[in-house]
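Q: Starting off with a structure, shown below.
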Amino acid sequence: MIEYKTGTSCIDWQMLTELYGQVGLVANHGKKKESNIIREAFLSSNKVITAWSNEILIGAGRMLTDNICYGSIFDVGVLPSFQKQGIGNGIVTELLKGNEHLCIHLTSTFGNEQFYKNLGFQRHKTAMAKYPYASEYLE
């Protein structure tokens with residue numbers, strides 16, 4: 001059984017770093033094993049959801065929001081051995097709870113666009129981004 005938890009008090013930061021080491025995300029700090037940066041990013045987020053199988057952290061995601069107009073979802077990741085089982089869907093669903101009144105933005109990783117379409121997201125015609133480093137996500 002998968003359990004979803006809200007907040008950061010339950011997080012084992014080493015497990016979270018290992019998760020993002022396997023799936024990337026958090027601006028590539030997971031691949032670099034930069035636990036302190038990942039921890040600070042999650043502690044600075046408005047809403048954090050983690051997914052657990054027994055005592056194992058298997059997925060996570062976070063939201064930044066003004067709670068009035070806009071919210072942005074970041075870093076929805078699930079351990080590869082647990083992917084394609086609805087866990088990412090559960091994380092996003094939990095992030096959206098209580099935030100239905102917001103315009104929600106996110107950037108999908110390549111190949112996962114249909115996952116977000118299935119959750120009701122649509123392509124944004126004028127989305128722009130500015131990164132402090134080169135990224136394959138930018139034209």
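The way I read the labels, and the way they are meant: chains A, B, ... in the order of the structure tokens, residue 1 as the first residue of every chain, and ligand 1 as the first ligand shown, with later ones counted on from there.
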DSSP on the backbone, then: every residue of region 47-87 of chain A marked strand (DSSP E), written as a list in words.

A: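 Reading the DSSP output for region 47-87 of chain A, strand (DSSP E) covers Lys47, Val48, Ile49, Thr50, Ala51, Trp52, Ser53, Ile56, Leu57, Ile58, Gly59, Ala60, Gly61, Arg62, Met63, Leu64, Thr65, Tyr70, Gly71, Ser72, Ile73, Phe74, Asp75, Val76, Gly77 and Val78 of chain A.
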
Q: Need the shell around Tyr116 (chain A): protein/DNA/RNA residues with any atom at most 10 Å away, counting only C-alpha atoms. Skip same-chain ones fewer than 2 positions apart. Format as a list in words?

A: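 Surrounding residues, per the criterion: Gly88, Asn89, Val92, Leu106, Thr107, Ser108, Asn112, Glu113, Gln114, Asn118, Leu119, Gly120, Phe121, Gln122 and Arg123 of chain A.
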
Q: For the residues selected in the previous step, produce a file with N, CA and C atoms as a compact mmCIF listing (two decimals), in the first residue's frame.

A:
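To be explicit, this is the file written out as part.txt:
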```txt
# COMPACT_ATOMS: atom_id res chain seq x y z
N GLY A 88 2.91 8.75 -9.29
CA GLY A 88 3.06 10.14 -9.74
C GLY A 88 1.72 10.84 -9.80
N ASN A 89 0.71 10.13 -10.28
CA ASN A 89 -0.66 10.65 -10.31
C ASN A 89 -1.12 11.01 -8.90
N VAL A 92 0.67 14.28 -7.68
CA VAL A 92 0.10 15.49 -8.29
C VAL A 92 -1.29 15.76 -7.74
N LEU A 106 3.53 24.08 -14.74
CA LEU A 106 4.60 23.10 -14.52
C LEU A 106 5.32 22.89 -15.84
N THR A 107 6.50 22.33 -15.75
CA THR A 107 7.26 21.92 -16.92
C THR A 107 7.41 20.42 -16.85
N SER A 108 6.92 19.73 -17.86
CA SER A 108 7.04 18.28 -17.91
C SER A 108 8.44 17.88 -18.35
N ASN A 112 6.92 12.77 -20.76
CA ASN A 112 5.86 12.67 -19.75
C ASN A 112 4.71 13.65 -19.98
N GLU A 113 4.67 14.24 -21.16
CA GLU A 113 3.61 15.21 -21.45
C GLU A 113 2.22 14.58 -21.34
N GLN A 114 2.05 13.37 -21.83
CA GLN A 114 0.74 12.71 -21.79
C GLN A 114 0.30 12.44 -20.35
N ASN A 118 -3.29 13.71 -19.07
CA ASN A 118 -4.27 12.83 -18.43
C ASN A 118 -4.77 13.39 -17.11
N LEU A 119 -4.02 14.26 -16.49
CA LEU A 119 -4.41 14.89 -15.23
C LEU A 119 -5.13 16.22 -15.46
N GLY A 120 -5.37 16.57 -16.72
CA GLY A 120 -6.12 17.78 -17.03
C GLY A 120 -5.28 18.98 -17.41
N PHE A 121 -3.96 18.83 -17.47
CA PHE A 121 -3.10 19.94 -17.86
C PHE A 121 -3.12 20.10 -19.39
N GLN A 122 -2.92 21.32 -19.85
CA GLN A 122 -2.87 21.62 -21.27
C GLN A 122 -1.59 22.39 -21.57
N ARG A 123 -1.18 22.33 -22.84
CA ARG A 123 -0.01 23.11 -23.25
C ARG A 123 -0.30 24.60 -23.10
```

Q: Can you tell me, as a count of residues only, what residues are no more than 6 Å from region 36-52 of chain A when counting only C-alpha atoms, ignoring any on the same chain fewer than 3 positions away?

A: 15

Q: Which residue, A:Pro132, A:Met1, A:Thr17, A:Lys31, has the smallest gap to Asn54 (chain A) when you use only C-alpha atoms?

A: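 Counting only C-alpha atoms, the residue closest to Asn54 (chain A) is A:Met1.
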
Q: Need the shell around Glu139 (chain A): protein/DNA/RNA residues with any atom at most 12 Å away, counting only C-alpha atoms. Skip same-chain ones fewer than 4 positions apart. Format as an NGL selection string?

A: :A and (127-131 or 134-135)

Q: For those residues, write N, CA and C atoms to a file as a compact mmCIF listing (two decimals), in the first residue's frame.

A:
```txt
# COMPACT_ATOMS: atom_id res chain seq x y z
N ALA A 127 4.42 30.12 -22.86
CA ALA A 127 5.32 29.90 -21.73
C ALA A 127 6.75 30.28 -22.10
N MET A 128 7.43 30.92 -21.18
CA MET A 128 8.82 31.32 -21.36
C MET A 128 9.59 30.91 -20.11
N ALA A 129 10.90 30.77 -20.26
CA ALA A 129 11.73 30.41 -19.11
C ALA A 129 13.09 31.06 -19.26
N LYS A 130 13.73 31.30 -18.13
CA LYS A 130 15.10 31.82 -18.11
C LYS A 130 15.86 31.01 -17.07
N TYR A 131 16.88 30.31 -17.51
CA TYR A 131 17.69 29.46 -16.63
C TYR A 131 19.08 30.06 -16.48
N ALA A 134 22.74 26.31 -19.30
CA ALA A 134 22.22 25.75 -20.54
C ALA A 134 21.29 24.58 -20.20
N SER A 135 20.18 24.46 -20.93
CA SER A 135 19.23 23.39 -20.69
C SER A 135 18.62 22.93 -22.00
```

Q: Which residue gives the smallest distance to Asn28 (chain A) among A:Asp75, A:Leu16, A:Thr8, A:Ser53, with only C-alpha atoms counted?

A: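 Under the stated criterion, the closest residue is A:Asp75.
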
Q: Ranking A:His124, A:Gly21, A:Tyr133, A:Leu102 by minimum distance to Thr65 (chain A) and counting only C-alpha atoms, which one comes first?

A: A:Leu102

Q: CA of Asn99 (chain A) and CA of Gly71 (chain A) are how many Å apart?

A: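 CA of Gly71 (chain A) lies at a distance of 8.0 Å from CA of Asn99 (chain A).
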
Q: CA of Trp13 (chain A) and CA of Lys97 (chain A) are how many Å apart?

A: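 Interatomic distance here is 24.4 Å.
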